[in-house]
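Here's my_file.txt, which has compact mmCIF, C-alpha atoms:
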# COMPACT_ATOMS: atom_id res chain seq x y z
CA MET X 1 6.03 -37.18 21.23
CA ALA X 2 3.89 -34.02 21.15
CA THR X 3 5.72 -32.68 24.23
CA LEU X 4 9.10 -33.38 22.64
CA ARG X 5 8.05 -31.66 19.41
CA LEU X 6 6.91 -28.57 21.31
CA LEU X 7 10.21 -28.48 23.21
CA LEU X 8 12.21 -28.66 20.00
CA VAL X 9 10.16 -25.87 18.43
CA SER X 10 10.74 -23.70 21.49
CA LEU X 11 14.47 -24.28 21.37
CA LEU X 12 14.74 -23.63 17.65
CA ALA X 13 12.78 -20.41 17.88
CA GLY X 14 15.27 -19.09 20.42
CA PHE X 15 18.39 -19.78 18.41
CA THR X 16 20.16 -17.46 16.00
CA VAL X 17 19.48 -19.06 12.65
CA SER X 18 22.35 -20.41 10.59
CA LEU X 19 21.51 -19.82 6.95
CA VAL X 20 24.44 -21.44 5.17
CA ALA X 21 22.80 -24.85 5.55
CA ASP X 22 19.41 -23.58 4.39
CA LEU X 23 20.04 -24.12 0.71
CA HIS X 24 16.94 -25.77 -0.77
CA LYS X 25 13.80 -23.72 -0.97
CA ARG X 26 10.04 -24.00 -1.49
CA ILE X 27 7.14 -21.51 -1.71
CA ILE X 28 5.00 -20.58 1.30
CA GLY X 29 1.91 -18.41 1.05
CA GLY X 30 1.50 -18.75 -2.71
CA GLN X 31 -1.31 -19.80 -5.01
CA GLU X 32 -1.44 -22.07 -8.04
CA CYS X 33 0.17 -20.40 -11.04
CA GLU X 34 -2.10 -19.50 -13.93
CA PRO X 35 -2.24 -22.15 -16.70
CA ASN X 36 -0.54 -19.86 -19.21
CA GLU X 37 2.34 -18.63 -17.02
CA ARG X 38 5.64 -20.16 -15.97
CA LEU X 39 5.58 -22.79 -18.73
CA TYR X 40 9.38 -22.50 -18.71
CA HIS X 41 9.61 -23.68 -15.08
CA VAL X 42 11.68 -26.83 -14.58
CA LYS X 43 11.61 -29.22 -11.64
CA LEU X 44 15.04 -30.69 -10.90
CA TYR X 45 15.56 -33.98 -9.10
CA LYS X 46 18.83 -35.33 -7.77
CA GLY X 47 19.20 -38.60 -5.95
CA ASP X 48 20.94 -41.92 -5.45
CA GLY X 49 17.94 -44.14 -6.07
CA LYS X 50 16.94 -44.09 -2.39
CA GLU X 51 16.38 -40.41 -1.74
CA LEU X 52 15.33 -37.58 -4.04
CA ARG X 53 16.17 -33.94 -3.46
CA LEU X 54 14.43 -31.08 -5.19
CA CYS X 55 15.39 -27.81 -6.87
CA GLY X 56 13.79 -25.49 -9.41
CA GLY X 57 15.07 -23.98 -12.65
CA SER X 58 14.07 -22.00 -15.73
CA LEU X 59 14.36 -22.71 -19.45
CA ILE X 60 16.28 -19.79 -20.99
CA SER X 61 16.66 -21.55 -24.37
CA ASN X 62 15.64 -24.90 -25.75
CA ARG X 63 19.01 -26.33 -24.68
CA TRP X 64 19.80 -24.59 -21.38
CA ILE X 65 18.29 -24.47 -17.87
CA LEU X 66 19.34 -21.70 -15.48
CA THR X 67 19.45 -22.65 -11.79
CA ALA X 68 21.53 -22.40 -8.59
CA ALA X 69 25.01 -23.96 -8.42
CA HIS X 70 24.39 -25.60 -5.07
CA CYS X 71 21.71 -27.76 -6.71
CA TRP X 72 24.49 -29.80 -8.33
CA ASN X 73 26.04 -32.78 -6.56
CA LYS X 74 28.66 -34.79 -8.43
CA HIS X 75 27.80 -37.88 -6.39
CA LEU X 76 24.09 -37.88 -7.29
CA LEU X 77 22.21 -38.38 -10.55
CA MET X 78 20.27 -35.33 -11.79
CA PHE X 79 17.08 -35.26 -13.84
CA ALA X 80 15.09 -32.35 -15.22
CA ASN X 81 11.32 -32.51 -15.44
CA LEU X 82 10.37 -30.11 -18.23
CA GLY X 83 6.88 -28.73 -18.65
CA VAL X 84 5.68 -29.49 -15.13
CA HIS X 85 3.18 -26.64 -15.42
CA PRO X 86 0.40 -26.86 -16.39
CA GLY X 87 0.87 -30.61 -16.85
CA TRP X 88 2.92 -31.73 -19.85
CA LYS X 89 6.07 -33.47 -18.70
CA GLU X 90 9.34 -34.53 -20.29
CA LEU X 91 11.89 -36.17 -17.97
CA VAL X 92 15.51 -35.93 -19.16
CA SER X 93 18.83 -36.89 -17.64
CA ILE X 94 21.33 -34.07 -17.07
CA THR X 95 25.01 -34.85 -17.54
CA THR X 96 26.50 -31.51 -18.64
CA HIS X 97 26.64 -28.46 -16.41
CA LYS X 98 28.45 -25.12 -16.24
CA ILE X 99 29.03 -23.38 -12.90
CA TYR X 100 30.04 -19.73 -12.69
CA GLU X 101 33.46 -19.98 -11.05
CA GLU X 102 35.01 -16.52 -11.00
CA GLY X 103 36.74 -15.46 -7.79
CA PRO X 104 38.68 -17.48 -5.18
CA MET X 105 38.64 -21.21 -5.89
CA PHE X 106 37.63 -22.11 -2.34
CA LYS X 107 34.51 -20.01 -2.81
CA LYS X 108 33.83 -20.82 -6.43
CA GLN X 109 30.18 -21.64 -5.69
CA SER X 110 29.60 -18.46 -3.71
CA HIS X 111 28.07 -16.94 -6.84
CA ASP X 112 25.55 -19.82 -6.87
CA LEU X 113 24.77 -19.73 -10.57
CA MET X 114 24.66 -22.72 -12.91
CA LEU X 115 23.60 -23.73 -16.42
CA LEU X 116 22.39 -27.26 -17.22
CA LYS X 117 22.45 -28.49 -20.82
CA ILE X 118 19.32 -30.27 -22.05
CA PRO X 119 19.91 -33.30 -24.31
CA SER X 120 19.20 -32.61 -27.98
CA SER X 121 16.73 -35.50 -27.93
CA ALA X 122 14.40 -33.64 -25.54
CA LYS X 123 11.07 -32.78 -27.17
CA ILE X 124 9.81 -29.35 -26.18
CA PRO X 125 6.47 -28.26 -27.69
CA PRO X 126 6.44 -24.86 -29.46
CA GLU X 127 4.10 -23.39 -26.83
CA VAL X 128 6.74 -23.91 -24.13
CA LYS X 129 8.81 -20.76 -24.65
CA PRO X 130 11.95 -19.92 -22.68
CA VAL X 131 11.78 -17.01 -20.29
CA GLY X 132 13.42 -13.86 -21.62
CA LEU X 133 16.75 -12.69 -20.23
CA PRO X 134 16.61 -9.45 -18.23
CA ASN X 135 16.39 -5.96 -19.64
CA CYS X 136 18.90 -4.47 -17.25
CA THR X 137 17.92 -0.89 -18.05
CA ASN X 138 14.60 -1.72 -16.40
CA GLN X 139 15.62 -3.97 -13.52
CA PRO X 140 13.43 -4.09 -10.38
CA GLN X 141 14.04 -1.36 -7.81
CA LEU X 142 13.30 -1.18 -4.08
CA GLY X 143 9.54 -1.51 -3.58
CA ASP X 144 8.88 -3.22 -6.92
CA THR X 145 7.05 -6.56 -6.96
CA VAL X 146 8.74 -9.70 -8.30
CA GLN X 147 7.25 -13.16 -8.76
CA ILE X 148 8.70 -16.43 -7.45
CA ALA X 149 7.44 -19.97 -8.03
CA GLY X 150 8.02 -23.51 -6.85
CA HIS X 151 6.69 -26.84 -5.64
CA SER X 152 6.39 -28.63 -2.29
CA SER X 153 4.93 -27.84 1.11
CA THR X 154 2.88 -24.64 1.26
CA THR X 155 1.76 -24.67 4.89
CA THR X 156 2.79 -23.03 8.15
CA THR X 157 1.65 -23.41 11.73
CA THR X 158 1.12 -20.54 14.16
CA TRP X 159 3.29 -20.37 17.28
CA GLY X 160 2.70 -17.15 19.18
CA PRO X 161 3.33 -14.29 16.73
CA PHE X 162 5.32 -16.54 14.37
CA LYS X 163 4.50 -18.65 11.29
CA LEU X 164 6.58 -21.80 11.69
CA ARG X 165 7.53 -23.68 8.57
CA VAL X 166 5.93 -27.11 8.17
CA TYR X 167 8.09 -29.48 6.15
CA GLY X 168 5.94 -31.96 4.27
CA ASP X 169 5.04 -33.38 0.89
CA MET X 170 5.57 -31.58 -2.40
CA SER X 171 2.72 -29.54 -3.80
CA PRO X 172 1.18 -31.30 -6.82
CA THR X 173 0.84 -27.90 -8.54
CA LEU X 174 3.28 -25.08 -9.24
CA GLN X 175 2.79 -22.30 -6.69
CA CYS X 176 3.37 -18.63 -7.54
CA ALA X 177 3.86 -15.79 -5.05
CA ASN X 178 4.82 -12.12 -5.06
CA LEU X 179 7.59 -10.52 -3.01
CA ASN X 180 8.58 -6.88 -2.69
CA VAL X 181 12.19 -5.93 -3.43
CA VAL X 182 13.83 -4.83 -0.17
CA ASP X 183 17.27 -3.72 1.01
CA CYS X 184 19.61 -6.69 1.52
CA ALA X 185 20.96 -4.91 4.58
CA LEU X 186 18.17 -6.72 6.43
CA VAL X 187 20.16 -9.97 6.13
CA ARG X 188 23.66 -8.57 6.57
CA GLY X 189 25.47 -9.87 9.62
CA LEU X 190 23.88 -13.30 9.25
CA GLU X 191 26.01 -16.23 8.11
CA THR X 192 24.27 -16.33 4.75
CA HIS X 193 25.45 -12.85 3.84
CA GLU X 194 29.06 -13.73 4.63
CA TYR X 195 28.76 -16.98 2.66
CA TYR X 196 27.55 -15.09 -0.39
CA GLY X 197 30.12 -12.36 0.07
CA TYR X 198 31.39 -12.61 -3.52
CA GLN X 199 27.93 -12.75 -5.04
CA SER X 200 25.82 -9.97 -6.49
CA ILE X 201 22.36 -10.39 -4.97
CA PHE X 202 19.08 -8.58 -4.48
CA CYS X 203 16.44 -9.44 -1.91
CA GLY X 204 12.68 -9.81 -1.59
CA GLN X 205 10.22 -10.09 1.27
CA SER X 206 6.49 -10.26 1.98
CA PRO X 207 4.52 -10.61 5.23
CA GLU X 208 2.44 -13.34 3.57
CA ALA X 209 4.84 -15.28 1.29
CA ASP X 210 8.31 -16.77 1.50
CA VAL X 211 10.69 -19.36 0.01
CA CYS X 212 11.83 -22.50 1.82
CA HIS X 213 13.32 -25.96 1.21
CA GLY X 214 12.80 -27.41 -2.28
CA ASP X 215 12.86 -24.53 -4.77
CA SER X 216 16.40 -23.18 -4.89
CA GLY X 217 17.24 -22.23 -8.45
CA GLY X 218 13.71 -21.12 -9.35
CA GLY X 219 13.42 -17.95 -11.39
CA VAL X 220 12.64 -14.50 -9.98
CA VAL X 221 10.54 -12.76 -12.64
CA PHE X 222 9.77 -9.08 -13.24
CA ASP X 223 7.83 -7.71 -16.22
CA GLY X 224 7.85 -11.14 -17.89
CA LYS X 225 11.64 -11.61 -17.77
CA ILE X 226 13.99 -13.41 -15.39
CA TYR X 227 16.10 -11.16 -13.17
CA GLY X 228 17.16 -13.50 -10.39
CA VAL X 229 17.66 -17.06 -9.19
CA MET X 230 16.50 -18.02 -5.69
CA VAL X 231 19.46 -18.95 -3.49
CA PHE X 232 18.61 -18.45 0.21
CA THR X 233 15.94 -17.53 2.70
CA GLY X 234 16.35 -15.35 5.77
CA ASN X 235 15.03 -17.62 8.51
CA LYS X 236 15.25 -21.41 8.47
CA PHE X 237 12.38 -22.01 10.86
CA ILE X 238 10.10 -18.95 10.80
CA ALA X 239 8.41 -18.02 7.52
CA CYS X 240 8.09 -14.43 6.27
CA ASP X 241 10.50 -13.20 8.96
CA LYS X 242 13.56 -12.22 6.88
CA PRO X 243 14.17 -11.42 3.20
CA ALA X 244 15.00 -14.07 0.64
CA GLY X 245 18.14 -13.65 -1.47
CA PHE X 246 18.39 -13.91 -5.26
CA THR X 247 21.36 -14.02 -7.60
CA ASN X 248 21.27 -10.74 -9.52
CA LEU X 249 21.36 -11.66 -13.22
CA CYS X 250 21.96 -8.02 -14.17
CA HIS X 251 25.46 -8.20 -12.74
CA PRO X 252 27.47 -7.67 -15.98
CA GLN X 253 29.71 -10.69 -15.40
CA TYR X 254 26.76 -13.01 -14.81
CA TYR X 255 24.78 -11.69 -17.76
CA ASN X 256 27.72 -11.96 -20.17
CA TRP X 257 28.62 -15.43 -18.92
CA ILE X 258 25.07 -16.69 -19.55
CA LYS X 259 24.92 -15.22 -23.05
CA LYS X 260 28.36 -16.58 -23.96
CA HIS X 261 27.35 -20.16 -23.16
CA ILE X 262 23.89 -20.23 -24.68
CA LYS X 263 25.16 -18.74 -27.95
CA LYS X 264 27.35 -21.81 -28.43
CA ILE X 265 24.20 -23.83 -29.14
CA LYS X 266 22.56 -23.16 -32.51
CA GLU X 267 19.07 -24.33 -31.58
CA ILE X 268 18.23 -21.32 -29.42
CA VAL X 269 14.58 -20.42 -28.97
CA TRP X 270 14.13 -16.83 -27.78
CA HIS X 271 11.04 -15.49 -26.05

Go through the file and emit its structure as structure tokens.
Amino acid sequence: MATLRLLLVSLLAGFTVSLVADLHKRIIGGQECEPNERLYHVKLYKGDGKELRLCGGSLISNRWILTAAHCWNKHLLMFANLGVHPGWKELVSITTHKIYEEGPMFKKQSHDLMLLKIPSSAKIPPEVKPVGLPNCTNQPQLGDTVQIAGHSSTTTTTWGPFKLRVYGDMSPTLQCANLNVVDCALVRGLETHEYYGYQSIFCGQSPEADVCHGDSGGGVVFDGKIYGVMVFTGNKFIACDKPAGFTNLCHPQYYNWIKKHIKKIKEIVWH
């Protein structure tokens, strides 16, 4: 078995990575988030009773969660676990969603942006404040540091000069990590870039931290506000090798679409 595993790793490391299939992310190289930060983080579960799949999200009001569109599956039940950090939890069923669908119908998820409505019965303590929408006159520039966060496996294994991803159990704590904003040209030419051809994105990378399976939809935060949603990573098997991609919430169409929907609900709590 060990010989077979080593052979598979060797083969995978030699292949050009297909990124379209790499849609569910988790944090590598992070540390436990501080008790007073990321209280707005949401853990999303979807499943059929036999298997659970994981995504992340962010409370942007007391009735709406912002996440990635590919986290939705009409054939699976979806639940939102509110207040997973630092420990208070409220599990609610999600039945109403809005996906940004501008552009060609056959690529209507290429923007990868979605809102989930929280049931009015959900009880959110006053200390759990939504994350603020971006101030797009002060959006992160190349070289700036943004914060990502998520649950699940946090480990890698060394293989030559590479850090191979180790897929395992979810982290019991919310992990935070910093990435530097980099030029998305570093992922152009890969399948992921073509797949997100109609999407406005920005990218982040660090030699020590990365995103991977389990945390798609988690918020990308700068100066205390949300500026992006995690949607893809640059290398499916090797951590910290390519930039991660984020939906750019400062794209005017995205920003206006979000505000239009959340204003329809009276019980908005702003940060």

Within 10 Å of X:Leu52, counting all atoms listed in the file, which residues show up once you throw out same-chain ones fewer than 6 positions away? Write them as a tab-separated table (two decimals) with C-alpha atoms, in the frame of the given file, please.
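For reference, out23.tsv as written:
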chain	number	residue	atom	x	y	z
X	44	LEU	CA	15.04	-30.69	-10.90
X	45	TYR	CA	15.56	-33.98	-9.10
X	46	LYS	CA	18.83	-35.33	-7.77
X	76	LEU	CA	24.09	-37.88	-7.29
X	77	LEU	CA	22.21	-38.38	-10.55
X	78	MET	CA	20.27	-35.33	-11.79

What's the separation between atom CA of X:Asp215 and atom CA of X:Pro134, in Å to one decimal place?
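The value is 20.6 Å.
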
Rounded to one decimal, what separation in Å do you get between atom CA of X:Ile124 and atom CA of X:Tyr255?
24.6 Å

Shell of 7 Å around X:Thr233, only C-alpha atoms, local chain residues under 6 positions omitted, as a tab-separated table (two decimals) with C-alpha atoms, in the frame of the given file:
chain	number	residue	atom	x	y	z
X	211	VAL	CA	10.69	-19.36	0.01
X	212	CYS	CA	11.83	-22.50	1.82
X	243	PRO	CA	14.17	-11.42	3.20
X	244	ALA	CA	15.00	-14.07	0.64
X	245	GLY	CA	18.14	-13.65	-1.47

Between X:Lys129, X:His85, X:His251, X:Lys242, smallest distance to X:Thr173 by all atoms listed in the file belongs to X:His85

Go ahead and compute the interatomic distance for atom CA of X:Ala69 and atom CA of X:Ile99, in Å to one decimal.
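These atoms are spaced 6.0 Å apart.
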
Selected residue, from X:Ser121, X:Asn135, X:Thr96, X:Gln147, that lies nearest to X:Trp64 when counting only C-alpha atoms:
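Among X:Ser121, X:Asn135, X:Thr96, X:Gln147, it is X:Thr96 that comes nearest to X:Trp64.
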
Padding 5 Å on each side, edges along x, y and z: where is the centre of the box around the listed atoms of stretch 199-209 of chain X, and how long are its edges in Å to one decimal? Output it as JSON.
{"center_x": 15.2, "center_y": -11.9, "center_z": -0.6, "size_x": 35.5, "size_y": 16.7, "size_z": 21.7}

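Remark: for X:Tyr254, the closest of the candidate residues X:Phe79, X:Tyr100, X:Trp72, X:Phe202 is X:Tyr100 (distances computed over all atoms listed in the file).
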
Kindly extract all protein, DNA and RNA residues lying within 6 Å of the coordinates (11.7, 0.3, 1.0) given in the file, considering all atoms listed in the file, and supply them as a PyMOL selection string.
chain X and resi 142-143+182

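For the set X:Val42, X:Ala68, X:Ile118, X:Leu54, the residue with the smallest atom-to-atom gap to X:Gly87 is X:Val42, counting all atoms listed in the file.
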
Residues proximal to (6.0, -29.7, -18.1) were defined as those with any atom within 10 Å of that point in the file's coordinates, counting all atoms listed in the file. Which are they, as a PyMOL selection string?
chain X and resi 38-43+80-91+124-125+128

Give me a file of those residues, with C-alpha atoms, as a compact mmCIF listing (two decimals), in the frame of the given file.
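Okay, again27.txt is ready:
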# COMPACT_ATOMS: atom_id res chain seq x y z
CA ARG X 38 5.64 -20.16 -15.97
CA LEU X 39 5.58 -22.79 -18.73
CA TYR X 40 9.38 -22.50 -18.71
CA HIS X 41 9.61 -23.68 -15.08
CA VAL X 42 11.68 -26.83 -14.58
CA LYS X 43 11.61 -29.22 -11.64
CA ALA X 80 15.09 -32.35 -15.22
CA ASN X 81 11.32 -32.51 -15.44
CA LEU X 82 10.37 -30.11 -18.23
CA GLY X 83 6.88 -28.73 -18.65
CA VAL X 84 5.68 -29.49 -15.13
CA HIS X 85 3.18 -26.64 -15.42
CA PRO X 86 0.40 -26.86 -16.39
CA GLY X 87 0.87 -30.61 -16.85
CA TRP X 88 2.92 -31.73 -19.85
CA LYS X 89 6.07 -33.47 -18.70
CA GLU X 90 9.34 -34.53 -20.29
CA LEU X 91 11.89 -36.17 -17.97
CA ILE X 124 9.81 -29.35 -26.18
CA PRO X 125 6.47 -28.26 -27.69
CA VAL X 128 6.74 -23.91 -24.13

Just checking: using all atoms listed in the file, which residue out of X:Thr145, X:Ser216, X:Ser120, X:Ser171 ends up closest to X:Val92?
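Of X:Thr145, X:Ser216, X:Ser120, X:Ser171, the one nearest X:Val92, counting all atoms listed in the file, is X:Ser120.
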
Pick from X:Leu186, X:Ala122, X:Ala177, X:Cys55, whichever lies nearest to X:Glu34 using all atoms listed in the file:
X:Ala177

If you count only C-alpha atoms, which residues fall within 7 Å of X:Lys98, apart from same-chain ones fewer than 2 positions away, as a compact mmCIF listing (two decimals) with C-alpha atoms, in the coordinates of the input?
# COMPACT_ATOMS: atom_id res chain seq x y z
CA TYR X 100 30.04 -19.73 -12.69
CA MET X 114 24.66 -22.72 -12.91
CA LEU X 115 23.60 -23.73 -16.42
CA LEU X 116 22.39 -27.26 -17.22

For X:Gln141, list every protein, DNA or RNA residue within 12 Å, evaluated using only C-alpha atoms, and leave out those in the same chain fewer than 3 positions away; present the list as a ChimeraX atom specification.
/X:136-138,144-146,180-183,202-204,222,227,248

Please rebuild stretch 70-81 of chain X with all heavy atoms and give the result as a PDB file, keeping the file's coordinate frame.
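As a result, selection.pdb now contains:
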ATOM      1  N   HIS X  70      24.389 -24.634  -6.158  1.00  0.00           N
ATOM      2  CA  HIS X  70      24.390 -25.600  -5.070  1.00  0.00           C
ATOM      3  C   HIS X  70      23.404 -26.745  -5.299  1.00  0.00           C
ATOM      4  O   HIS X  70      23.373 -27.709  -4.532  1.00  0.00           O
ATOM      5  CB  HIS X  70      24.117 -24.921  -3.718  1.00  0.00           C
ATOM      6  CG  HIS X  70      22.711 -24.464  -3.512  1.00  0.00           C
ATOM      7  ND1 HIS X  70      22.329 -23.150  -3.607  1.00  0.00           N
ATOM      8  CD2 HIS X  70      21.598 -25.152  -3.193  1.00  0.00           C
ATOM      9  CE1 HIS X  70      21.036 -23.051  -3.365  1.00  0.00           C
ATOM     10  NE2 HIS X  70      20.567 -24.254  -3.100  1.00  0.00           N
ATOM     11  N   CYS X  71      22.606 -26.653  -6.362  1.00  0.00           N
ATOM     12  CA  CYS X  71      21.710 -27.760  -6.710  1.00  0.00           C
ATOM     13  C   CYS X  71      22.464 -28.942  -7.327  1.00  0.00           C
ATOM     14  O   CYS X  71      21.915 -30.038  -7.438  1.00  0.00           O
ATOM     15  CB  CYS X  71      20.632 -27.274  -7.680  1.00  0.00           C
ATOM     16  SG  CYS X  71      19.436 -26.150  -6.935  1.00  0.00           S
ATOM     17  N   TRP X  72      23.716 -28.718  -7.731  1.00  0.00           N
ATOM     18  CA  TRP X  72      24.490 -29.800  -8.330  1.00  0.00           C
ATOM     19  C   TRP X  72      25.217 -30.592  -7.253  1.00  0.00           C
ATOM     20  O   TRP X  72      25.724 -30.028  -6.283  1.00  0.00           O
ATOM     21  CB  TRP X  72      25.510 -29.243  -9.325  1.00  0.00           C
ATOM     22  CG  TRP X  72      26.284 -30.319 -10.031  1.00  0.00           C
ATOM     23  CD1 TRP X  72      27.525 -30.776  -9.734  1.00  0.00           C
ATOM     24  CD2 TRP X  72      25.850 -31.063 -11.166  1.00  0.00           C
ATOM     25  NE1 TRP X  72      27.895 -31.781 -10.608  1.00  0.00           N
ATOM     26  CE2 TRP X  72      26.891 -31.970 -11.499  1.00  0.00           C
ATOM     27  CE3 TRP X  72      24.689 -31.056 -11.945  1.00  0.00           C
ATOM     28  CZ2 TRP X  72      26.790 -32.851 -12.568  1.00  0.00           C
ATOM     29  CZ3 TRP X  72      24.593 -31.938 -13.016  1.00  0.00           C
ATOM     30  CH2 TRP X  72      25.631 -32.823 -13.315  1.00  0.00           C
ATOM     31  N   ASN X  73      25.263 -31.913  -7.439  1.00  0.00           N
ATOM     32  CA  ASN X  73      26.040 -32.780  -6.560  1.00  0.00           C
ATOM     33  C   ASN X  73      26.661 -33.860  -7.432  1.00  0.00           C
ATOM     34  O   ASN X  73      25.947 -34.660  -8.036  1.00  0.00           O
ATOM     35  CB  ASN X  73      25.162 -33.395  -5.468  1.00  0.00           C
ATOM     36  CG  ASN X  73      25.954 -34.183  -4.442  1.00  0.00           C
ATOM     37  OD1 ASN X  73      26.858 -34.945  -4.781  1.00  0.00           O
ATOM     38  ND2 ASN X  73      25.614 -33.999  -3.174  1.00  0.00           N
ATOM     39  N   LYS X  74      27.977 -33.871  -7.509  1.00  0.00           N
ATOM     40  CA  LYS X  74      28.660 -34.790  -8.430  1.00  0.00           C
ATOM     41  C   LYS X  74      28.452 -36.257  -8.047  1.00  0.00           C
ATOM     42  O   LYS X  74      28.721 -37.152  -8.859  1.00  0.00           O
ATOM     43  CB  LYS X  74      30.144 -34.478  -8.483  1.00  0.00           C
ATOM     44  CG  LYS X  74      30.886 -34.686  -7.178  1.00  0.00           C
ATOM     45  CD  LYS X  74      32.357 -34.319  -7.331  1.00  0.00           C
ATOM     46  CE  LYS X  74      33.129 -34.527  -6.027  1.00  0.00           C
ATOM     47  NZ  LYS X  74      34.557 -34.157  -6.180  1.00  0.00           N
ATOM     48  N   HIS X  75      28.002 -36.498  -6.831  1.00  0.00           N
ATOM     49  CA  HIS X  75      27.800 -37.880  -6.390  1.00  0.00           C
ATOM     50  C   HIS X  75      26.376 -38.379  -6.631  1.00  0.00           C
ATOM     51  O   HIS X  75      26.091 -39.552  -6.368  1.00  0.00           O
ATOM     52  CB  HIS X  75      28.121 -38.000  -4.894  1.00  0.00           C
ATOM     53  CG  HIS X  75      29.512 -37.566  -4.538  1.00  0.00           C
ATOM     54  ND1 HIS X  75      30.635 -38.226  -4.976  1.00  0.00           N
ATOM     55  CD2 HIS X  75      29.954 -36.500  -3.805  1.00  0.00           C
ATOM     56  CE1 HIS X  75      31.716 -37.620  -4.527  1.00  0.00           C
ATOM     57  NE2 HIS X  75      31.333 -36.579  -3.804  1.00  0.00           N
ATOM     58  N   LEU X  76      25.488 -37.507  -7.098  1.00  0.00           N
ATOM     59  CA  LEU X  76      24.090 -37.880  -7.290  1.00  0.00           C
ATOM     60  C   LEU X  76      23.694 -37.711  -8.758  1.00  0.00           C
ATOM     61  O   LEU X  76      24.206 -36.841  -9.456  1.00  0.00           O
ATOM     62  CB  LEU X  76      23.176 -37.007  -6.426  1.00  0.00           C
ATOM     63  CG  LEU X  76      23.403 -37.056  -4.911  1.00  0.00           C
ATOM     64  CD1 LEU X  76      22.481 -36.067  -4.219  1.00  0.00           C
ATOM     65  CD2 LEU X  76      23.169 -38.470  -4.370  1.00  0.00           C
ATOM     66  N   LEU X  77      22.776 -38.531  -9.220  1.00  0.00           N
ATOM     67  CA  LEU X  77      22.210 -38.380 -10.550  1.00  0.00           C
ATOM     68  C   LEU X  77      21.260 -37.184 -10.556  1.00  0.00           C
ATOM     69  O   LEU X  77      20.600 -36.898  -9.565  1.00  0.00           O
ATOM     70  CB  LEU X  77      21.451 -39.640 -10.948  1.00  0.00           C
ATOM     71  CG  LEU X  77      22.266 -40.941 -11.032  1.00  0.00           C
ATOM     72  CD1 LEU X  77      21.343 -42.118 -11.297  1.00  0.00           C
ATOM     73  CD2 LEU X  77      23.340 -40.838 -12.104  1.00  0.00           C
ATOM     74  N   MET X  78      21.194 -36.464 -11.685  1.00  0.00           N
ATOM     75  CA  MET X  78      20.270 -35.330 -11.790  1.00  0.00           C
ATOM     76  C   MET X  78      19.364 -35.500 -12.999  1.00  0.00           C
ATOM     77  O   MET X  78      19.813 -35.903 -14.082  1.00  0.00           O
ATOM     78  CB  MET X  78      21.017 -34.006 -11.890  1.00  0.00           C
ATOM     79  CG  MET X  78      20.101 -32.800 -12.090  1.00  0.00           C
ATOM     80  SD  MET X  78      20.915 -31.197 -11.832  1.00  0.00           S
ATOM     81  CE  MET X  78      20.750 -31.050 -10.049  1.00  0.00           C
ATOM     82  N   PHE X  79      18.072 -35.192 -12.777  1.00  0.00           N
ATOM     83  CA  PHE X  79      17.080 -35.260 -13.840  1.00  0.00           C
ATOM     84  C   PHE X  79      16.309 -33.941 -13.866  1.00  0.00           C
ATOM     85  O   PHE X  79      16.089 -33.319 -12.824  1.00  0.00           O
ATOM     86  CB  PHE X  79      16.109 -36.418 -13.613  1.00  0.00           C
ATOM     87  CG  PHE X  79      16.774 -37.764 -13.602  1.00  0.00           C
ATOM     88  CD1 PHE X  79      17.254 -38.301 -12.419  1.00  0.00           C
ATOM     89  CD2 PHE X  79      16.918 -38.482 -14.768  1.00  0.00           C
ATOM     90  CE1 PHE X  79      17.867 -39.536 -12.396  1.00  0.00           C
ATOM     91  CE2 PHE X  79      17.539 -39.727 -14.764  1.00  0.00           C
ATOM     92  CZ  PHE X  79      18.010 -40.258 -13.576  1.00  0.00           C
ATOM     93  N   ALA X  80      15.905 -33.551 -15.051  1.00  0.00           N
ATOM     94  CA  ALA X  80      15.090 -32.350 -15.220  1.00  0.00           C
ATOM     95  C   ALA X  80      13.718 -32.747 -15.721  1.00  0.00           C
ATOM     96  O   ALA X  80      13.598 -33.473 -16.717  1.00  0.00           O
ATOM     97  CB  ALA X  80      15.747 -31.380 -16.199  1.00  0.00           C
ATOM     98  N   ASN X  81      12.689 -32.284 -15.029  1.00  0.00           N
ATOM     99  CA  ASN X  81      11.320 -32.510 -15.440  1.00  0.00           C
ATOM    100  C   ASN X  81      10.828 -31.243 -16.119  1.00  0.00           C
ATOM    101  O   ASN X  81      10.553 -30.238 -15.466  1.00  0.00           O
ATOM    102  CB  ASN X  81      10.457 -32.842 -14.216  1.00  0.00           C
ATOM    103  CG  ASN X  81       9.213 -33.608 -14.588  1.00  0.00           C
ATOM    104  OD1 ASN X  81       8.754 -33.536 -15.715  1.00  0.00           O
ATOM    105  ND2 ASN X  81       8.654 -34.328 -13.635  1.00  0.00           N
TER     106      ASN X  81
END
